[in-house]
Amino acid sequence: MHPVLAIKDLHKRYGKVQAVSGLSLEVQPGTVFGILGPNGSGKTTTLGIVLDVVKKDAGTYEWFGKSPSSESRKKIGAILETPVFYPYLSAVENLRVVARIKEVPFTRIEEVLLWVGLAERKMDAFKTFSLGMKQRLAIASALLSDPAVMILDEPTNGLDPQGIAEIRDLIIRIAQEGKTIIMASHLLDEVQKVCTHFAVLKKGKLIYSGGVREALSGTDMVEVASADMDRLQQIAAQFPFVQQVSRENGILKVRLLPEKSSLDLNQFLVEQGVVVSHLSQKTKSLEKQFLEILASSHE
Ligand SMILES: Nc1ncnc2c1ncn2[C@@H]1O[C@H](COP(=O)(O)OP(=O)(O)OP(=O)(O)O)[C@@H](O)[C@H]1O
Ligand SMILES: [Mg+2]
């Protein structure tokens, strides 16, 4: 199967600022792909380029294994900036305007409003909507043409915790429908909660790309303590599935191979006659991972 999106060696400069620099990445069908990076790292510029609203300097990108065309564009629903709706028109009336432009039957409007949870407010004027409702209407609008791919730029920006949870839940439900989602975010925990894959940009360069689960697995650290720390350290180091052992503040930190857990280590220690007074498994958050990735990429 072709990747949904394949970007190769993309470059974009604004005056002195190299916004995107030799970026290559692929998004596979059915994934929720997060583009992470600090402010100004080129996320919006990249999305703008693949949506044909920003001109690239060099490089290529393909949608569904083909050069971009009006045909491929129809399969993409996007929200780059907060879209402009008519303030005095209702949700339904606003979506009729969009449906006419996209040549989508009006019957679809009720469906998408139900999807985003706005069915009850559909007759209310757009200007009476909360920020979260406006964002959900924007997503409804992008869903009208039943696109195969949804592109979202910072979809939860400015929302309160409940609004954030609603949008995240909505994104997950859209993904469960089989749509591929590409979203820019600078919120690590958002990517951790919503995305299956992610890329990290720094100053327009790709510094990491991979699966969220893979990034989190193999990073498990087990913390162990015992009355005799020296003996604990000596025995733990003999466990065949240990990657690394270090001691910090009276606690032994043991990094295991991905397929082994704290239970396996504990079993080994018991077999060797070591009684532990403390044992806990720490899964590293994506945030920590991310900061390490950023710190270890020089430049
Ligand atoms: N229209 C423009 N004119 C000049 N410079 C621009 C323009 N758009 C973006 N830039 C610059 O390009 C760089 C990348 O910007 P971009 O908006 O793509 O970053 P971003 O990762 O989306 O950031 P944020 O997290 O703040 O949304 C920044 O240095 C920005 O100032
Ligand atoms: Mg941006």
# chains A, B, ... in the order shown; residues from 1 in each chain; ligands from 1
$ residues_around --residues "region 191-207 of chain A" --least-positions-apart "3" --cutoff "6 Å" --atoms "only C-alpha atoms" --output "list in words"
Ala19, Val20, Ser21, Leu23, Thr31, Val32, Phe33, Gly34, Ile35, Leu36, Gly37, Ser41, Gly42, Leu188, Gly210, Gly211 and Val212 of chain A
$ select_by_dssp --residues "region 60-293 of chain A" --states "alpha helix (DSSP H)" --output "PyMOL selection string"
chain A and resi 70-73+91-102+107-115+131-143+161-176+188-194+212-216+229-236+262-271+286-293
$ select_by_dssp --residues "region 6-246 of chain A" --states "strand (DSSP E)" --output "PyMOL selection string"
chain A and resi 6-14+17-27+32-36+58-63+76-79+149-153+180-185+197-202+205-211+221-225+242-246
$ residues_around --residues "His2 (chain A)" --least-positions-apart "4" --cutoff "9 Å" --atoms "only C-alpha atoms" --output "list in words"
Ala6, Gln28, Pro29, Trp63, Phe64 and Gly65 of chain A
$ closest_atom_pairs --of "chain A" --to "ligand 2" --cutoff "8 Å" --atoms "only C-alpha atoms and all ligand atoms" --output "CSV"
residue,atom,partner,partner_atom_place_in_ligand_line,distance
A:Asn39,CA,ligand 2,1 (Mg),6.9
A:Gly40,CA,ligand 2,1 (Mg),6.9
A:Gly42,CA,ligand 2,1 (Mg),7.0
A:Lys43,CA,ligand 2,1 (Mg),5.4
A:Thr44,CA,ligand 2,1 (Mg),4.0
A:Thr45,CA,ligand 2,1 (Mg),7.2
A:Asp153,CA,ligand 2,1 (Mg),6.7
A:Glu154,CA,ligand 2,1 (Mg),7.1
A:Ala184,CA,ligand 2,1 (Mg),7.2
A:Ser185,CA,ligand 2,1 (Mg),7.9
$ write_last_selection --atoms "N, CA, C and O atoms" --output "compact mmCIF listing (two decimals), in the first residue's frame"
# COMPACT_ATOMS: atom_id res chain seq x y z
N ASN A 39 7.75 25.92 19.15
CA ASN A 39 7.25 27.03 18.34
C ASN A 39 8.27 27.38 17.28
O ASN A 39 9.47 27.44 17.55
N GLY A 40 7.80 27.60 16.06
CA GLY A 40 8.68 28.03 14.98
C GLY A 40 9.51 26.92 14.37
O GLY A 40 10.44 27.17 13.61
N GLY A 42 8.51 24.74 12.19
CA GLY A 42 8.14 24.47 10.79
C GLY A 42 6.93 23.57 10.61
O GLY A 42 6.64 23.13 9.49
N LYS A 43 6.18 23.32 11.67
CA LYS A 43 5.01 22.43 11.57
C LYS A 43 3.94 23.00 10.64
O LYS A 43 3.51 22.34 9.70
N THR A 44 3.52 24.23 10.92
CA THR A 44 2.45 24.83 10.10
C THR A 44 2.92 25.04 8.66
O THR A 44 2.17 24.81 7.72
N THR A 45 4.17 25.43 8.50
CA THR A 45 4.71 25.62 7.15
C THR A 45 4.64 24.31 6.37
O THR A 45 4.21 24.29 5.21
N ASP A 153 -4.21 21.54 12.54
CA ASP A 153 -3.06 22.27 13.09
C ASP A 153 -3.42 22.74 14.50
O ASP A 153 -4.30 23.58 14.66
N GLU A 154 -2.75 22.20 15.48
CA GLU A 154 -2.99 22.56 16.89
C GLU A 154 -4.49 22.56 17.19
O GLU A 154 -5.06 23.60 17.56
N ALA A 184 -0.57 18.74 13.78
CA ALA A 184 0.56 19.41 14.39
C ALA A 184 0.19 19.72 15.82
O ALA A 184 -0.96 20.05 16.12
N SER A 185 1.15 19.59 16.69
CA SER A 185 0.91 19.89 18.10
C SER A 185 2.23 20.21 18.77
O SER A 185 3.27 19.72 18.36
$ residues_around --residues "Val50 (chain A)" --least-positions-apart "5" --cutoff "12 Å" --atoms "only C-alpha atoms" --output "PyMOL selection string"
chain A and resi 4-8+10-12+25+43-45+55-56+59-63+67-69+72-73+76+78+80+151+182
$ write_last_selection --atoms "C-alpha atoms" --output "short mmCIF file (atom, residue, chain, number, x, y, z; two decimals), in the first residue's frame"
data_model
loop_
_atom_site.label_atom_id
_atom_site.label_comp_id
_atom_site.auth_asym_id
_atom_site.auth_seq_id
_atom_site.Cartn_x
_atom_site.Cartn_y
_atom_site.Cartn_z
CA VAL A 4 -0.98 8.47 2.40
CA LEU A 5 1.63 11.22 2.36
CA ALA A 6 5.28 10.97 1.36
CA ILE A 7 7.43 14.07 1.75
CA LYS A 8 10.93 14.07 0.26
CA LEU A 10 11.36 19.54 1.41
CA HIS A 11 12.83 23.02 1.78
CA LYS A 12 11.23 26.37 2.53
CA LEU A 25 8.69 11.75 6.15
CA LYS A 43 5.01 22.43 11.57
CA THR A 44 2.45 24.83 10.10
CA THR A 45 4.71 25.62 7.15
CA LYS A 55 4.86 27.49 -1.91
CA LYS A 56 7.83 25.18 -1.38
CA GLY A 59 11.57 18.91 -2.63
CA THR A 60 8.54 16.82 -3.46
CA TYR A 61 5.49 15.38 -1.81
CA GLU A 62 3.01 12.79 -2.94
CA TRP A 63 -0.52 12.07 -1.77
CA SER A 67 1.74 13.85 -7.47
CA PRO A 68 -0.74 16.23 -5.84
CA SER A 69 -3.79 16.98 -7.96
CA SER A 72 -6.15 14.01 -4.32
CA ARG A 73 -7.04 17.37 -2.75
CA ILE A 76 -8.19 15.72 2.27
CA ALA A 78 -8.08 20.29 6.63
CA LEU A 80 -5.11 25.04 9.18
CA ILE A 151 -5.20 17.56 8.70
CA ILE A 182 -2.14 14.28 10.49
#
$ closest_residue --among "A:Pro105, A:Gly250, A:Gly77, A:Gly163" --to "Ala148 (chain A)" --atoms "only C-alpha atoms"
A:Gly77
$ closest_atom_pairs --of "region 116-234 of chain A" --to "region 260-277 of chain A" --cutoff "10 Å" --atoms "only C-alpha atoms" --output "JSON lines"
{"residue": "A:Gly218", "atom": "CA", "partner": "A:Lys260", "partner_atom": "CA", "distance": 9.1}
{"residue": "A:Asp220", "atom": "CA", "partner": "A:Ser261", "partner_atom": "CA", "distance": 8.1}
{"residue": "A:Met221", "atom": "CA", "partner": "A:Ser262", "partner_atom": "CA", "distance": 8.5}
{"residue": "A:Val222", "atom": "CA", "partner": "A:Ser262", "partner_atom": "CA", "distance": 5.9}
{"residue": "A:Glu223", "atom": "CA", "partner": "A:Ser262", "partner_atom": "CA", "distance": 8.5}
{"residue": "A:Val224", "atom": "CA", "partner": "A:Val276", "partner_atom": "CA", "distance": 6.8}
{"residue": "A:Ala225", "atom": "CA", "partner": "A:Ser277", "partner_atom": "CA", "distance": 5.6}
{"residue": "A:Ser226", "atom": "CA", "partner": "A:Val276", "partner_atom": "CA", "distance": 4.5}
{"residue": "A:Ala227", "atom": "CA", "partner": "A:Ser277", "partner_atom": "CA", "distance": 7.1}
{"residue": "A:Asp228", "atom": "CA", "partner": "A:Val274", "partner_atom": "CA", "distance": 8.6}
{"residue": "A:Met229", "atom": "CA", "partner": "A:Val276", "partner_atom": "CA", "distance": 9.5}
{"residue": "A:Arg231", "atom": "CA", "partner": "A:Val274", "partner_atom": "CA", "distance": 8.0}
{"residue": "A:Leu232", "atom": "CA", "partner": "A:Val274", "partner_atom": "CA", "distance": 6.7}
$ closest_residue --among "A:Ser145, A:Lys74, A:Val97, A:Gln233" --to "Ser246 (chain A)" --atoms "only C-alpha atoms"
A:Gln233
$ residues_around --residues "Gln244 (chain A)" --least-positions-apart "5" --cutoff "9 Å" --atoms "only C-alpha atoms" --output "MDAnalysis selection string"
chainID A and resid 237 253:256
$ closest_residue --among "A:Glu259, A:Glu120, A:Glu110, A:Asp160" --to "Ala140 (chain A)" --atoms "only C-alpha atoms"
A:Glu110
$ decode --residues "region 211-246 of chain A" --atoms "N, CA, C and O atoms" --output "PDB file, in the first residue's frame"
ATOM      1  N   GLY A 211       6.931   5.208  15.978  1.00  0.00           N
ATOM      2  CA  GLY A 211       5.668   4.901  16.631  1.00  0.00           C
ATOM      3  C   GLY A 211       5.663   5.404  18.058  1.00  0.00           C
ATOM      4  O   GLY A 211       6.689   5.404  18.722  1.00  0.00           O
ATOM      5  N   VAL A 212       4.508   5.850  18.516  1.00  0.00           N
ATOM      6  CA  VAL A 212       4.388   6.333  19.890  1.00  0.00           C
ATOM      7  C   VAL A 212       4.648   5.181  20.862  1.00  0.00           C
ATOM      8  O   VAL A 212       5.381   5.333  21.834  1.00  0.00           O
ATOM      9  N   ARG A 213       4.045   4.013  20.570  1.00  0.00           N
ATOM     10  CA  ARG A 213       4.219   2.883  21.481  1.00  0.00           C
ATOM     11  C   ARG A 213       5.683   2.448  21.538  1.00  0.00           C
ATOM     12  O   ARG A 213       6.219   2.209  22.613  1.00  0.00           O
ATOM     13  N   GLU A 214       6.329   2.398  20.373  1.00  0.00           N
ATOM     14  CA  GLU A 214       7.742   2.013  20.344  1.00  0.00           C
ATOM     15  C   GLU A 214       8.593   3.009  21.116  1.00  0.00           C
ATOM     16  O   GLU A 214       9.541   2.635  21.801  1.00  0.00           O
ATOM     17  N   ALA A 215       8.229   4.294  20.991  1.00  0.00           N
ATOM     18  CA  ALA A 215       9.023   5.317  21.685  1.00  0.00           C
ATOM     19  C   ALA A 215       8.894   5.160  23.198  1.00  0.00           C
ATOM     20  O   ALA A 215       9.800   5.489  23.943  1.00  0.00           O
ATOM     21  N   LEU A 216       7.744   4.654  23.613  1.00  0.00           N
ATOM     22  CA  LEU A 216       7.517   4.531  25.057  1.00  0.00           C
ATOM     23  C   LEU A 216       7.986   3.199  25.613  1.00  0.00           C
ATOM     24  O   LEU A 216       8.294   3.083  26.784  1.00  0.00           O
ATOM     25  N   SER A 217       7.995   2.165  24.736  1.00  0.00           N
ATOM     26  CA  SER A 217       8.445   0.872  25.238  1.00  0.00           C
ATOM     27  C   SER A 217       9.962   0.824  25.186  1.00  0.00           C
ATOM     28  O   SER A 217      10.589   1.597  24.489  1.00  0.00           O
ATOM     29  N   GLY A 218      10.525  -0.063  25.906  1.00  0.00           N
ATOM     30  CA  GLY A 218      11.983  -0.141  25.902  1.00  0.00           C
ATOM     31  C   GLY A 218      12.596   1.006  26.678  1.00  0.00           C
ATOM     32  O   GLY A 218      13.791   1.161  26.744  1.00  0.00           O
ATOM     33  N   THR A 219      11.735   1.797  27.262  1.00  0.00           N
ATOM     34  CA  THR A 219      12.254   2.910  28.045  1.00  0.00           C
ATOM     35  C   THR A 219      11.848   2.711  29.494  1.00  0.00           C
ATOM     36  O   THR A 219      11.966   3.591  30.303  1.00  0.00           O
ATOM     37  N   ASP A 220      11.323   1.512  29.766  1.00  0.00           N
ATOM     38  CA  ASP A 220      10.879   1.254  31.120  1.00  0.00           C
ATOM     39  C   ASP A 220      12.064   1.079  32.050  1.00  0.00           C
ATOM     40  O   ASP A 220      13.021   0.387  31.757  1.00  0.00           O
ATOM     41  N   MET A 221      11.950   1.730  33.160  1.00  0.00           N
ATOM     42  CA  MET A 221      12.990   1.686  34.160  1.00  0.00           C
ATOM     43  C   MET A 221      12.368   1.096  35.411  1.00  0.00           C
ATOM     44  O   MET A 221      11.262   1.471  35.784  1.00  0.00           O
ATOM     45  N   VAL A 222      13.060   0.152  36.000  1.00  0.00           N
ATOM     46  CA  VAL A 222      12.550  -0.408  37.253  1.00  0.00           C
ATOM     47  C   VAL A 222      13.384   0.156  38.400  1.00  0.00           C
ATOM     48  O   VAL A 222      14.614   0.174  38.327  1.00  0.00           O
ATOM     49  N   GLU A 223      12.701   0.627  39.418  1.00  0.00           N
ATOM     50  CA  GLU A 223      13.399   1.125  40.608  1.00  0.00           C
ATOM     51  C   GLU A 223      13.306   0.053  41.690  1.00  0.00           C
ATOM     52  O   GLU A 223      12.212  -0.413  41.996  1.00  0.00           O
ATOM     53  N   VAL A 224      14.449  -0.306  42.242  1.00  0.00           N
ATOM     54  CA  VAL A 224      14.477  -1.342  43.283  1.00  0.00           C
ATOM     55  C   VAL A 224      15.325  -0.861  44.459  1.00  0.00           C
ATOM     56  O   VAL A 224      16.311  -0.144  44.273  1.00  0.00           O
ATOM     57  N   ALA A 225      14.937  -1.284  45.635  1.00  0.00           N
ATOM     58  CA  ALA A 225      15.754  -1.013  46.823  1.00  0.00           C
ATOM     59  C   ALA A 225      15.732  -2.234  47.728  1.00  0.00           C
ATOM     60  O   ALA A 225      14.795  -3.040  47.683  1.00  0.00           O
ATOM     61  N   SER A 226      16.776  -2.363  48.508  1.00  0.00           N
ATOM     62  CA  SER A 226      16.878  -3.497  49.427  1.00  0.00           C
ATOM     63  C   SER A 226      17.758  -3.066  50.593  1.00  0.00           C
ATOM     64  O   SER A 226      18.486  -2.065  50.506  1.00  0.00           O
ATOM     65  N   ALA A 227      17.681  -3.808  51.687  1.00  0.00           N
ATOM     66  CA  ALA A 227      18.489  -3.458  52.856  1.00  0.00           C
ATOM     67  C   ALA A 227      19.980  -3.469  52.508  1.00  0.00           C
ATOM     68  O   ALA A 227      20.745  -2.618  52.947  1.00  0.00           O
ATOM     69  N   ASP A 228      20.386  -4.419  51.692  1.00  0.00           N
ATOM     70  CA  ASP A 228      21.789  -4.501  51.268  1.00  0.00           C
ATOM     71  C   ASP A 228      21.902  -4.071  49.803  1.00  0.00           C
ATOM     72  O   ASP A 228      21.776  -4.871  48.884  1.00  0.00           O
ATOM     73  N   MET A 229      22.126  -2.774  49.630  1.00  0.00           N
ATOM     74  CA  MET A 229      22.111  -2.216  48.275  1.00  0.00           C
ATOM     75  C   MET A 229      23.257  -2.749  47.405  1.00  0.00           C
ATOM     76  O   MET A 229      23.101  -2.924  46.201  1.00  0.00           O
ATOM     77  N   ASP A 230      24.425  -2.962  48.036  1.00  0.00           N
ATOM     78  CA  ASP A 230      25.566  -3.435  47.250  1.00  0.00           C
ATOM     79  C   ASP A 230      25.283  -4.813  46.659  1.00  0.00           C
ATOM     80  O   ASP A 230      25.554  -5.085  45.495  1.00  0.00           O
ATOM     81  N   ARG A 231      24.730  -5.662  47.526  1.00  0.00           N
ATOM     82  CA  ARG A 231      24.414  -7.021  47.065  1.00  0.00           C
ATOM     83  C   ARG A 231      23.303  -6.979  46.004  1.00  0.00           C
ATOM     84  O   ARG A 231      23.358  -7.665  44.995  1.00  0.00           O
ATOM     85  N   LEU A 232      22.305  -6.115  46.251  1.00  0.00           N
ATOM     86  CA  LEU A 232      21.214  -5.954  45.273  1.00  0.00           C
ATOM     87  C   LEU A 232      21.789  -5.568  43.906  1.00  0.00           C
ATOM     88  O   LEU A 232      21.454  -6.155  42.875  1.00  0.00           O
ATOM     89  N   GLN A 233      22.690  -4.584  43.920  1.00  0.00           N
ATOM     90  CA  GLN A 233      23.261  -4.110  42.656  1.00  0.00           C
ATOM     91  C   GLN A 233      24.035  -5.223  41.955  1.00  0.00           C
ATOM     92  O   GLN A 233      23.925  -5.409  40.748  1.00  0.00           O
ATOM     93  N   GLN A 234      24.796  -5.950  42.760  1.00  0.00           N
ATOM     94  CA  GLN A 234      25.634  -7.025  42.212  1.00  0.00           C
ATOM     95  C   GLN A 234      24.767  -8.116  41.575  1.00  0.00           C
ATOM     96  O   GLN A 234      25.036  -8.565  40.466  1.00  0.00           O
ATOM     97  N   ILE A 235      23.687  -8.497  42.263  1.00  0.00           N
ATOM     98  CA  ILE A 235      22.817  -9.560  41.747  1.00  0.00           C
ATOM     99  C   ILE A 235      21.993  -9.070  40.545  1.00  0.00           C
ATOM    100  O   ILE A 235      21.873  -9.762  39.532  1.00  0.00           O
ATOM    101  N   ALA A 236      21.454  -7.839  40.671  1.00  0.00           N
ATOM    102  CA  ALA A 236      20.621  -7.298  39.582  1.00  0.00           C
ATOM    103  C   ALA A 236      21.410  -7.239  38.282  1.00  0.00           C
ATOM    104  O   ALA A 236      20.875  -7.512  37.200  1.00  0.00           O
ATOM    105  N   ALA A 237      22.690  -6.890  38.399  1.00  0.00           N
ATOM    106  CA  ALA A 237      23.529  -6.781  37.205  1.00  0.00           C
ATOM    107  C   ALA A 237      23.720  -8.137  36.522  1.00  0.00           C
ATOM    108  O   ALA A 237      24.085  -8.197  35.342  1.00  0.00           O
ATOM    109  N   GLN A 238      23.459  -9.205  37.265  1.00  0.00           N
ATOM    110  CA  GLN A 238      23.618 -10.551  36.684  1.00  0.00           C
ATOM    111  C   GLN A 238      22.357 -11.025  35.970  1.00  0.00           C
ATOM    112  O   GLN A 238      22.365 -12.052  35.297  1.00  0.00           O
ATOM    113  N   PHE A 239      21.249 -10.294  36.158  1.00  0.00           N
ATOM    114  CA  PHE A 239      20.012 -10.663  35.471  1.00  0.00           C
ATOM    115  C   PHE A 239      20.269 -10.554  33.956  1.00  0.00           C
ATOM    116  O   PHE A 239      20.708  -9.504  33.481  1.00  0.00           O
ATOM    117  N   PRO A 240      20.035 -11.626  33.205  1.00  0.00           N
ATOM    118  CA  PRO A 240      20.442 -11.629  31.793  1.00  0.00           C
ATOM    119  C   PRO A 240      19.711 -10.602  30.916  1.00  0.00           C
ATOM    120  O   PRO A 240      20.158 -10.327  29.820  1.00  0.00           O
ATOM    121  N   PHE A 241      18.602 -10.039  31.402  1.00  0.00           N
ATOM    122  CA  PHE A 241      17.825  -9.129  30.551  1.00  0.00           C
ATOM    123  C   PHE A 241      18.011  -7.672  30.947  1.00  0.00           C
ATOM    124  O   PHE A 241      17.168  -6.821  30.700  1.00  0.00           O
ATOM    125  N   VAL A 242      19.142  -7.392  31.590  1.00  0.00           N
ATOM    126  CA  VAL A 242      19.427  -6.037  32.026  1.00  0.00           C
ATOM    127  C   VAL A 242      20.210  -5.281  30.959  1.00  0.00           C
ATOM    128  O   VAL A 242      21.133  -5.812  30.360  1.00  0.00           O
ATOM    129  N   GLN A 243      19.787  -4.029  30.705  1.00  0.00           N
ATOM    130  CA  GLN A 243      20.538  -3.193  29.765  1.00  0.00           C
ATOM    131  C   GLN A 243      21.508  -2.301  30.520  1.00  0.00           C
ATOM    132  O   GLN A 243      22.591  -2.010  30.042  1.00  0.00           O
ATOM    133  N   GLN A 244      21.040  -1.842  31.674  1.00  0.00           N
ATOM    134  CA  GLN A 244      21.838  -0.847  32.387  1.00  0.00           C
ATOM    135  C   GLN A 244      21.420  -0.795  33.850  1.00  0.00           C
ATOM    136  O   GLN A 244      20.236  -0.931  34.172  1.00  0.00           O
ATOM    137  N   VAL A 245      22.391  -0.628  34.718  1.00  0.00           N
ATOM    138  CA  VAL A 245      22.090  -0.516  36.149  1.00  0.00           C
ATOM    139  C   VAL A 245      22.790   0.725  36.690  1.00  0.00           C
ATOM    140  O   VAL A 245      23.958   0.953  36.391  1.00  0.00           O
ATOM    141  N   SER A 246      22.055   1.537  37.433  1.00  0.00           N
ATOM    142  CA  SER A 246      22.712   2.698  38.038  1.00  0.00           C
ATOM    143  C   SER A 246      22.096   2.944  39.415  1.00  0.00           C
ATOM    144  O   SER A 246      20.989   2.501  39.699  1.00  0.00           O
TER     145      SER A 246
END
